[in-house]
>>> print(open('input-v3.tsv').read())   # TSV, N, CA and C atoms
chain	number	residue	atom	x	y	z
A	1	MET	N	-67.96	43.10	-7.87
A	1	MET	CA	-66.75	42.42	-8.26
A	1	MET	C	-66.85	42.14	-9.76
A	2	THR	N	-65.73	42.28	-10.44
A	2	THR	CA	-65.70	42.00	-11.88
A	2	THR	C	-65.61	40.50	-12.11
A	3	LYS	N	-65.85	40.08	-13.33
A	3	LYS	CA	-65.75	38.66	-13.69
A	3	LYS	C	-64.33	38.14	-13.49
A	4	ARG	N	-63.34	39.03	-13.52
A	4	ARG	CA	-61.93	38.64	-13.32
A	4	ARG	C	-61.60	38.46	-11.84
A	5	GLY	N	-62.52	38.83	-10.97
A	5	GLY	CA	-62.28	38.70	-9.54
A	5	GLY	C	-61.70	39.93	-8.89
A	6	ASP	N	-61.65	41.03	-9.63
A	6	ASP	CA	-61.16	42.30	-9.09
A	6	ASP	C	-62.33	43.08	-8.48
A	7	LEU	N	-62.00	43.97	-7.59
A	7	LEU	CA	-63.00	44.87	-7.05
A	7	LEU	C	-63.33	45.90	-8.13
A	8	ALA	N	-64.60	46.11	-8.38
A	8	ALA	CA	-65.02	47.07	-9.40
A	8	ALA	C	-64.61	48.48	-9.00
A	9	ASN	N	-64.36	49.33	-9.98
A	9	ASN	CA	-64.01	50.73	-9.73
A	9	ASN	C	-65.10	51.39	-8.90
A	10	GLY	N	-64.74	51.98	-7.80
A	10	GLY	CA	-65.68	52.70	-6.95
A	10	GLY	C	-66.54	51.81	-6.07
A	11	ALA	N	-66.28	50.51	-6.03
A	11	ALA	CA	-67.13	49.60	-5.26
A	11	ALA	C	-67.13	49.91	-3.77
A	12	GLU	N	-65.97	50.16	-3.20
A	12	GLU	CA	-65.92	50.43	-1.77
A	12	GLU	C	-66.65	51.73	-1.43
A	13	ALA	N	-66.43	52.78	-2.21
A	13	ALA	CA	-67.11	54.06	-1.96
A	13	ALA	C	-68.62	53.91	-2.14
A	14	PHE	N	-69.03	53.17	-3.16
A	14	PHE	CA	-70.46	52.95	-3.37
A	14	PHE	C	-71.07	52.18	-2.20
A	15	LEU	N	-70.38	51.17	-1.73
A	15	LEU	CA	-70.88	50.38	-0.61
A	15	LEU	C	-70.99	51.23	0.65
A	16	ARG	N	-70.00	52.06	0.90
A	16	ARG	CA	-70.05	52.95	2.07
A	16	ARG	C	-71.22	53.94	1.95
A	17	TRP	N	-71.44	54.46	0.73
A	17	TRP	CA	-72.58	55.36	0.50
A	17	TRP	C	-73.89	54.63	0.74
A	18	ALA	N	-74.02	53.42	0.21
A	18	ALA	CA	-75.26	52.65	0.36
A	18	ALA	C	-75.54	52.37	1.83
A	19	ILE	N	-74.52	52.03	2.59
A	19	ILE	CA	-74.69	51.75	4.02
A	19	ILE	C	-75.11	53.01	4.77
A	20	ALA	N	-74.53	54.15	4.42
A	20	ALA	CA	-74.85	55.41	5.09
A	20	ALA	C	-76.23	55.94	4.74
A	21	ASN	N	-76.72	55.64	3.53
A	21	ASN	CA	-77.96	56.25	3.05
A	21	ASN	C	-79.14	55.30	2.89
A	22	HIS	N	-78.90	54.02	2.96
A	22	HIS	CA	-79.96	53.03	2.75
A	22	HIS	C	-79.74	51.84	3.68
A	23	GLU	N	-80.48	50.80	3.46
A	23	GLU	CA	-80.29	49.55	4.20
A	23	GLU	C	-79.98	48.47	3.17
A	24	PRO	N	-78.74	48.44	2.66
A	24	PRO	CA	-78.41	47.49	1.59
A	24	PRO	C	-78.44	46.04	2.08
A	25	VAL	N	-78.69	45.16	1.13
A	25	VAL	CA	-78.76	43.73	1.41
A	25	VAL	C	-77.96	43.02	0.33
A	26	TRP	N	-77.17	42.02	0.73
A	26	TRP	CA	-76.49	41.17	-0.25
A	26	TRP	C	-77.55	40.25	-0.85
A	27	LEU	N	-77.88	40.44	-2.10
A	27	LEU	CA	-78.83	39.58	-2.82
A	27	LEU	C	-77.99	38.81	-3.83
A	28	SER	N	-77.36	37.77	-3.35
A	28	SER	CA	-76.34	37.08	-4.13
A	28	SER	C	-76.40	35.58	-3.90
A	29	THR	N	-75.96	34.83	-4.88
A	29	THR	CA	-75.84	33.38	-4.68
A	29	THR	C	-74.82	33.09	-3.58
A	30	ARG	N	-73.89	34.00	-3.36
A	30	ARG	CA	-72.88	33.81	-2.32
A	30	ARG	C	-73.46	33.89	-0.91
A	31	THR	N	-74.59	34.57	-0.77
A	31	THR	CA	-75.18	34.77	0.56
A	31	THR	C	-76.59	34.23	0.66
A	32	ARG	N	-77.00	33.40	-0.26
A	32	ARG	CA	-78.38	32.91	-0.29
A	32	ARG	C	-78.75	32.11	0.96
A	33	ASP	N	-77.75	31.64	1.71
A	33	ASP	CA	-78.03	30.90	2.94
A	33	ASP	C	-78.28	31.83	4.12
A	34	GLY	N	-78.24	33.15	3.88
A	34	GLY	CA	-78.51	34.11	4.94
A	34	GLY	C	-77.30	34.41	5.82
A	35	THR	N	-76.11	33.98	5.38
A	35	THR	CA	-74.90	34.28	6.15
A	35	THR	C	-73.94	35.10	5.28
A	36	HIS	N	-72.93	35.65	5.93
A	36	HIS	CA	-71.90	36.42	5.24
A	36	HIS	C	-70.76	35.56	4.69
A	37	ARG	N	-70.75	34.28	5.00
A	37	ARG	CA	-69.60	33.41	4.65
A	37	ARG	C	-69.17	33.54	3.19
A	38	GLY	N	-70.10	33.43	2.25
A	38	GLY	CA	-69.75	33.49	0.83
A	38	GLY	C	-69.21	34.85	0.42
A	39	ALA	N	-69.79	35.92	0.95
A	39	ALA	CA	-69.30	37.27	0.62
A	39	ALA	C	-67.92	37.50	1.21
A	40	LEU	N	-67.70	37.01	2.42
A	40	LEU	CA	-66.39	37.15	3.04
A	40	LEU	C	-65.31	36.41	2.24
A	41	ARG	N	-65.65	35.22	1.73
A	41	ARG	CA	-64.71	34.48	0.88
A	41	ARG	C	-64.47	35.20	-0.44
A	42	ALA	N	-65.54	35.65	-1.07
A	42	ALA	CA	-65.43	36.28	-2.39
A	42	ALA	C	-64.63	37.58	-2.34
A	43	PHE	N	-64.81	38.37	-1.28
A	43	PHE	CA	-64.16	39.67	-1.18
A	43	PHE	C	-62.94	39.67	-0.27
A	44	HIS	N	-62.47	38.48	0.12
A	44	HIS	CA	-61.29	38.36	0.98
A	44	HIS	C	-60.11	39.10	0.35
A	45	GLY	N	-59.53	40.00	1.11
A	45	GLY	CA	-58.38	40.77	0.64
A	45	GLY	C	-58.76	41.95	-0.25
A	46	LEU	N	-60.05	42.10	-0.57
A	46	LEU	CA	-60.51	43.20	-1.42
A	46	LEU	C	-61.28	44.25	-0.63
A	47	LEU	N	-62.04	43.80	0.36
A	47	LEU	CA	-62.84	44.70	1.20
A	47	LEU	C	-62.63	44.35	2.67
A	48	ASP	N	-62.74	45.35	3.51
A	48	ASP	CA	-62.67	45.16	4.96
A	48	ASP	C	-63.84	44.25	5.37
A	49	PRO	N	-63.57	43.17	6.10
A	49	PRO	CA	-64.65	42.29	6.53
A	49	PRO	C	-65.76	43.01	7.30
A	50	ALA	N	-65.42	44.03	8.06
A	50	ALA	CA	-66.44	44.78	8.80
A	50	ALA	C	-67.40	45.48	7.84
A	51	LEU	N	-66.89	45.94	6.71
A	51	LEU	CA	-67.73	46.59	5.70
A	51	LEU	C	-68.67	45.56	5.07
A	52	ILE	N	-68.15	44.39	4.77
A	52	ILE	CA	-68.98	43.31	4.21
A	52	ILE	C	-70.09	42.94	5.19
A	53	GLU	N	-69.75	42.82	6.45
A	53	GLU	CA	-70.72	42.42	7.46
A	53	GLU	C	-71.70	43.52	7.83
A	54	ALA	N	-71.46	44.75	7.38
A	54	ALA	CA	-72.39	45.85	7.62
A	54	ALA	C	-73.61	45.77	6.70
A	55	VAL	N	-73.55	44.87	5.72
A	55	VAL	CA	-74.65	44.67	4.78
A	55	VAL	C	-75.31	43.34	5.13
A	56	ALA	N	-76.60	43.36	5.36
A	56	ALA	CA	-77.32	42.13	5.73
A	56	ALA	C	-77.39	41.17	4.55
A	57	PRO	N	-77.17	39.88	4.79
A	57	PRO	CA	-77.31	38.90	3.71
A	57	PRO	C	-78.78	38.49	3.55
A	58	ALA	N	-79.24	38.43	2.32
A	58	ALA	CA	-80.61	38.00	2.05
A	58	ALA	C	-80.66	36.48	1.93
A	59	ARG	N	-81.66	35.89	2.54
A	59	ARG	CA	-81.86	34.44	2.43
A	59	ARG	C	-82.93	34.18	1.39
A	60	TRP	N	-82.62	33.26	0.48
A	60	TRP	CA	-83.60	32.85	-0.55
A	60	TRP	C	-83.26	31.44	-0.99
A	61	ASP	N	-84.26	30.76	-1.58
A	61	ASP	CA	-84.07	29.37	-1.97
A	61	ASP	C	-83.96	29.17	-3.47
A	62	THR	N	-84.96	29.59	-4.22
A	62	THR	CA	-85.01	29.31	-5.66
A	62	THR	C	-84.71	30.53	-6.51
A	63	LEU	N	-85.38	31.63	-6.22
A	63	LEU	CA	-85.21	32.87	-6.97
A	63	LEU	C	-84.90	34.01	-6.02
A	64	LYS	N	-84.09	34.93	-6.47
A	64	LYS	CA	-83.72	36.08	-5.64
A	64	LYS	C	-84.94	36.93	-5.27
A	65	VAL	N	-85.97	36.92	-6.10
A	65	VAL	CA	-87.16	37.74	-5.81
A	65	VAL	C	-87.82	37.33	-4.50
A	66	GLU	N	-87.54	36.12	-4.01
A	66	GLU	CA	-88.09	35.68	-2.73
A	66	GLU	C	-87.65	36.60	-1.59
A	67	ALA	N	-86.52	37.25	-1.74
A	67	ALA	CA	-85.96	38.07	-0.67
A	67	ALA	C	-86.35	39.55	-0.77
A	68	LEU	N	-87.06	39.95	-1.80
A	68	LEU	CA	-87.40	41.36	-1.99
A	68	LEU	C	-88.51	41.77	-1.03
A	69	LYS	N	-88.23	42.80	-0.23
A	69	LYS	CA	-89.19	43.30	0.75
A	69	LYS	C	-89.05	44.81	0.86
A	70	GLY	N	-90.17	45.47	1.10
A	70	GLY	CA	-90.14	46.90	1.35
A	70	GLY	C	-89.77	47.71	0.12
A	71	ASP	N	-89.11	48.84	0.35
A	71	ASP	CA	-88.68	49.75	-0.72
A	71	ASP	C	-87.28	49.35	-1.13
A	72	TRP	N	-87.08	48.91	-2.35
A	72	TRP	CA	-85.80	48.36	-2.76
A	72	TRP	C	-85.42	48.77	-4.18
A	73	ARG	N	-84.14	48.66	-4.45
A	73	ARG	CA	-83.56	48.73	-5.79
A	73	ARG	C	-82.68	47.50	-5.91
A	74	TRP	N	-82.71	46.85	-7.03
A	74	TRP	CA	-81.94	45.64	-7.24
A	74	TRP	C	-80.89	45.92	-8.30
A	75	LEU	N	-79.63	45.90	-7.91
A	75	LEU	CA	-78.52	46.13	-8.83
A	75	LEU	C	-77.91	44.79	-9.20
A	76	ASP	N	-77.84	44.51	-10.49
A	76	ASP	CA	-77.27	43.24	-10.96
A	76	ASP	C	-76.94	43.39	-12.43
A	77	ASP	N	-76.14	42.44	-12.94
A	77	ASP	CA	-75.80	42.50	-14.36
A	77	ASP	C	-76.92	41.95	-15.23
A	78	GLU	N	-77.68	40.99	-14.73
A	78	GLU	CA	-78.77	40.41	-15.52
A	78	GLU	C	-79.74	39.70	-14.59
A	79	LEU	N	-80.95	39.54	-15.08
A	79	LEU	CA	-81.97	38.80	-14.36
A	79	LEU	C	-82.22	37.48	-15.05
A	80	LEU	N	-82.66	36.50	-14.28
A	80	LEU	CA	-83.17	35.29	-14.89
A	80	LEU	C	-84.51	35.61	-15.54
A	81	TYR	N	-84.87	34.85	-16.52
A	81	TYR	CA	-86.15	35.05	-17.22
A	81	TYR	C	-87.31	35.06	-16.23
A	82	THR	N	-87.31	34.11	-15.30
A	82	THR	CA	-88.40	34.02	-14.34
A	82	THR	C	-88.40	35.20	-13.37
A	83	GLU	N	-87.22	35.71	-13.02
A	83	GLU	CA	-87.15	36.88	-12.15
A	83	GLU	C	-87.67	38.12	-12.87
A	84	ARG	N	-87.28	38.28	-14.14
A	84	ARG	CA	-87.77	39.41	-14.92
A	84	ARG	C	-89.30	39.36	-15.03
A	85	ASN	N	-89.85	38.18	-15.30
A	85	ASN	CA	-91.30	38.03	-15.40
A	85	ASN	C	-91.99	38.35	-14.08
A	86	TRP	N	-91.41	37.89	-12.97
A	86	TRP	CA	-91.99	38.18	-11.66
A	86	TRP	C	-92.02	39.69	-11.42
A	87	LEU	N	-90.91	40.37	-11.72
A	87	LEU	CA	-90.87	41.83	-11.55
A	87	LEU	C	-91.90	42.51	-12.43
A	88	ALA	N	-92.03	42.08	-13.67
A	88	ALA	CA	-93.01	42.67	-14.59
A	88	ALA	C	-94.43	42.44	-14.08
A	89	ARG	N	-94.75	41.23	-13.65
A	89	ARG	CA	-96.09	40.91	-13.14
A	89	ARG	C	-96.42	41.72	-11.89
A	90	ASN	N	-95.42	42.08	-11.13
A	90	ASN	CA	-95.62	42.82	-9.88
A	90	ASN	C	-95.33	44.30	-10.02
A	91	ASP	N	-95.31	44.79	-11.26
A	91	ASP	CA	-95.07	46.20	-11.55
A	91	ASP	C	-93.83	46.72	-10.82
A	92	ALA	N	-92.76	45.95	-10.87
A	92	ALA	CA	-91.54	46.31	-10.14
A	92	ALA	C	-90.30	46.28	-11.02
A	93	LEU	N	-90.46	46.11	-12.32
A	93	LEU	CA	-89.29	46.04	-13.19
A	93	LEU	C	-88.47	47.33	-13.16
A	94	HIS	N	-89.13	48.45	-12.91
A	94	HIS	CA	-88.42	49.74	-12.82
A	94	HIS	C	-87.47	49.81	-11.62
A	95	ARG	N	-87.61	48.89	-10.67
A	95	ARG	CA	-86.73	48.86	-9.50
A	95	ARG	C	-85.43	48.12	-9.75
A	96	PHE	N	-85.34	47.44	-10.89
A	96	PHE	CA	-84.12	46.73	-11.27
A	96	PHE	C	-83.18	47.71	-11.97
A	97	VAL	N	-81.94	47.78	-11.49
A	97	VAL	CA	-80.92	48.65	-12.08
A	97	VAL	C	-79.85	47.73	-12.67
A	98	GLN	N	-79.82	47.68	-13.99
A	98	GLN	CA	-78.86	46.81	-14.65
A	98	GLN	C	-77.51	47.51	-14.72
A	99	ILE	N	-76.50	46.85	-14.20
A	99	ILE	CA	-75.14	47.37	-14.27
A	99	ILE	C	-74.26	46.31	-14.92
A	100	ASN	N	-73.50	46.71	-15.89
A	100	ASN	CA	-72.60	45.81	-16.59
A	100	ASN	C	-71.20	46.39	-16.45
A	101	LEU	N	-70.42	45.82	-15.57
A	101	LEU	CA	-69.09	46.34	-15.29
A	101	LEU	C	-68.12	46.13	-16.44
A	102	LYS	N	-68.45	45.20	-17.32
A	102	LYS	CA	-67.60	44.99	-18.50
A	102	LYS	C	-67.79	46.13	-19.50
A	103	LEU	N	-69.04	46.53	-19.70
A	103	LEU	CA	-69.33	47.62	-20.64
A	103	LEU	C	-69.14	49.00	-20.03
A	104	ALA	N	-69.39	49.10	-18.73
A	104	ALA	CA	-69.30	50.39	-18.03
A	104	ALA	C	-68.54	50.18	-16.72
A	105	PRO	N	-67.21	50.02	-16.77
A	105	PRO	CA	-66.45	49.68	-15.56
A	105	PRO	C	-66.48	50.74	-14.47
A	106	ASP	N	-66.86	51.97	-14.79
A	106	ASP	CA	-66.89	53.04	-13.80
A	106	ASP	C	-68.30	53.39	-13.31
A	107	VAL	N	-69.30	52.57	-13.62
A	107	VAL	CA	-70.67	52.90	-13.30
A	107	VAL	C	-70.89	53.14	-11.81
A	108	LEU	N	-70.17	52.43	-10.95
A	108	LEU	CA	-70.37	52.61	-9.49
A	108	LEU	C	-69.84	53.94	-8.98
A	109	LEU	N	-69.02	54.61	-9.77
A	109	LEU	CA	-68.49	55.91	-9.36
A	109	LEU	C	-69.57	56.99	-9.36
A	110	SER	N	-70.62	56.77	-10.17
A	110	SER	CA	-71.65	57.80	-10.29
A	110	SER	C	-73.05	57.33	-9.93
A	111	LEU	N	-73.20	56.10	-9.55
A	111	LEU	CA	-74.53	55.55	-9.26
A	111	LEU	C	-74.96	55.93	-7.85
A	112	ARG	N	-75.88	56.86	-7.76
A	112	ARG	CA	-76.41	57.30	-6.46
A	112	ARG	C	-77.88	57.70	-6.66
A	113	TRP	N	-78.69	57.55	-5.63
A	113	TRP	CA	-80.07	58.04	-5.66
A	113	TRP	C	-80.54	58.36	-4.26
>>> encode(input="input-v3.tsv", output="structure tokens")
Amino acid sequence: MTKRGDLANGAEAFLRWAIANHEPVWLSTRTRDGTHRGALRAFHGLLDPALIEAVAPARWDTLKVEALKGDWRWLDDELLYTERNWLARNDALHRFVQINLKLAPDVLLSLRW
């Protein structure tokens, strides 16, 4: 979702691809309680609720890195200083994929691995 509250270009197609090819997880402040409630509110009228609920919500308390397990890629616009340091200390910074929808509004149209 963009800072304006719009669905990012290609977001639905990217989400469908991620669900079909991986096991995506909502790693968001909206879902930090381990439920879909925040994501359903945030994407109300923008995405099919069934599509939102097809992605498991990650539960975490202080830092998002608490929820990282297994083989993962973390897509976000920025990391907290402490999260970046944790990733660096754990040789996992290469797993962070920085996406900035303001600078590259079409990035989700081509982001696949």
>>> closest_residue(input="input-v3.tsv", among="A:Ala50, A:Leu108, A:Leu40, A:Leu68", to="Ala18 of chain A", atoms="only C-alpha atoms")
A:Leu108
>>> select_by_dssp(input="input-v3.tsv", residues="chain A", states="helix (DSSP H, G or I)", output="VMD selection string")
chain A and resid 11 to 21 29 to 31 37 to 42 49 to 53 64 to 67 81 to 89 93 to 95 107 to 109
>>> closest_residue(input="input-v3.tsv", among="A:Trp26, A:Trp74, A:Tyr81, A:Trp113", to="Ile99 of chain A", atoms="all atoms listed in the file")
A:Trp74
>>> closest_residue(input="input-v3.tsv", among="A:Glu83, A:Ala8, A:Arg95, A:Ala104", to="Leu46 of chain A", atoms="only C-alpha atoms")
A:Ala8
>>> residues_near_point(input="input-v3.tsv", point="(-81.5, 36.5, -6.6)", cutoff="6 Å", atoms="only N, CA and C atoms", output="PyMOL selection string")
chain A and resi 27-28+63-65
>>> decode(input="input-v3.tsv", residues="segment 49-113 of chain A", atoms="C-alpha atoms", output="CSV table (one decimal), in the first residue's frame")
chain,number,residue,atom,x,y,z
A,49,PRO,CA,-10.5,-10.4,2.1
A,50,ALA,CA,-9.9,-14.1,1.1
A,51,LEU,CA,-6.6,-13.0,-0.5
A,52,ILE,CA,-5.5,-11.1,2.6
A,53,GLU,CA,-6.4,-14.1,4.8
A,54,ALA,CA,-4.4,-16.5,2.5
A,55,VAL,CA,-1.2,-14.9,3.9
A,56,ALA,CA,-0.4,-15.9,7.5
A,57,PRO,CA,0.1,-13.0,10.0
A,58,ALA,CA,3.4,-12.9,11.8
A,59,ARG,CA,3.3,-12.4,15.6
A,60,TRP,CA,6.0,-10.2,17.2
A,61,ASP,CA,6.4,-7.9,20.2
A,62,THR,CA,9.3,-5.5,19.9
A,63,LEU,CA,11.1,-6.0,16.6
A,64,LYS,CA,9.9,-7.6,13.4
A,65,VAL,CA,13.0,-9.8,13.3
A,66,GLU,CA,11.4,-11.9,16.2
A,67,ALA,CA,9.1,-13.4,13.5
A,68,LEU,CA,11.8,-14.4,11.0
A,69,LYS,CA,12.0,-18.2,10.6
A,70,GLY,CA,13.2,-20.5,7.9
A,71,ASP,CA,14.0,-19.4,4.4
A,72,TRP,CA,12.7,-15.9,4.0
A,73,ARG,CA,12.9,-12.6,2.1
A,74,TRP,CA,11.8,-9.4,3.9
A,75,LEU,CA,10.2,-6.7,1.7
A,76,ASP,CA,9.9,-3.3,3.3
A,77,ASP,CA,10.6,0.3,2.6
A,78,GLU,CA,13.1,0.7,5.5
A,79,LEU,CA,14.4,-1.1,8.5
A,80,LEU,CA,14.8,0.1,12.0
A,81,TYR,CA,18.4,0.6,13.1
A,82,THR,CA,18.2,-2.3,15.5
A,83,GLU,CA,16.6,-4.6,12.9
A,84,ARG,CA,19.3,-3.7,10.4
A,85,ASN,CA,22.0,-4.5,13.0
A,86,TRP,CA,20.3,-7.8,13.9
A,87,LEU,CA,20.3,-8.8,10.2
A,88,ALA,CA,23.9,-7.8,9.8
A,89,ARG,CA,25.0,-9.7,12.9
A,90,ASN,CA,23.1,-12.8,11.7
A,91,ASP,CA,24.5,-12.6,8.1
A,92,ALA,CA,21.0,-12.1,6.8
A,93,LEU,CA,21.1,-8.5,5.5
A,94,HIS,CA,21.1,-9.9,1.9
A,95,ARG,CA,17.6,-11.3,2.6
A,96,PHE,CA,16.1,-7.8,3.0
A,97,VAL,CA,14.6,-6.4,-0.2
A,98,GLN,CA,14.1,-2.6,0.1
A,99,ILE,CA,11.2,-1.4,-1.9
A,100,ASN,CA,10.3,2.3,-2.1
A,101,LEU,CA,6.9,2.7,-3.8
A,102,LYS,CA,7.4,6.5,-3.9
A,103,LEU,CA,10.6,6.3,-5.9
A,104,ALA,CA,9.7,3.1,-7.8
A,105,PRO,CA,5.9,2.9,-8.0
A,106,ASP,CA,6.0,-0.1,-10.4
A,107,VAL,CA,8.5,-2.2,-8.5
A,108,LEU,CA,5.9,-4.9,-7.7
A,109,LEU,CA,5.2,-5.5,-11.4
A,110,SER,CA,8.6,-7.0,-11.9
A,111,LEU,CA,9.7,-8.3,-8.4
A,112,ARG,CA,9.9,-12.1,-8.6
A,113,TRP,CA,12.4,-14.8,-7.6
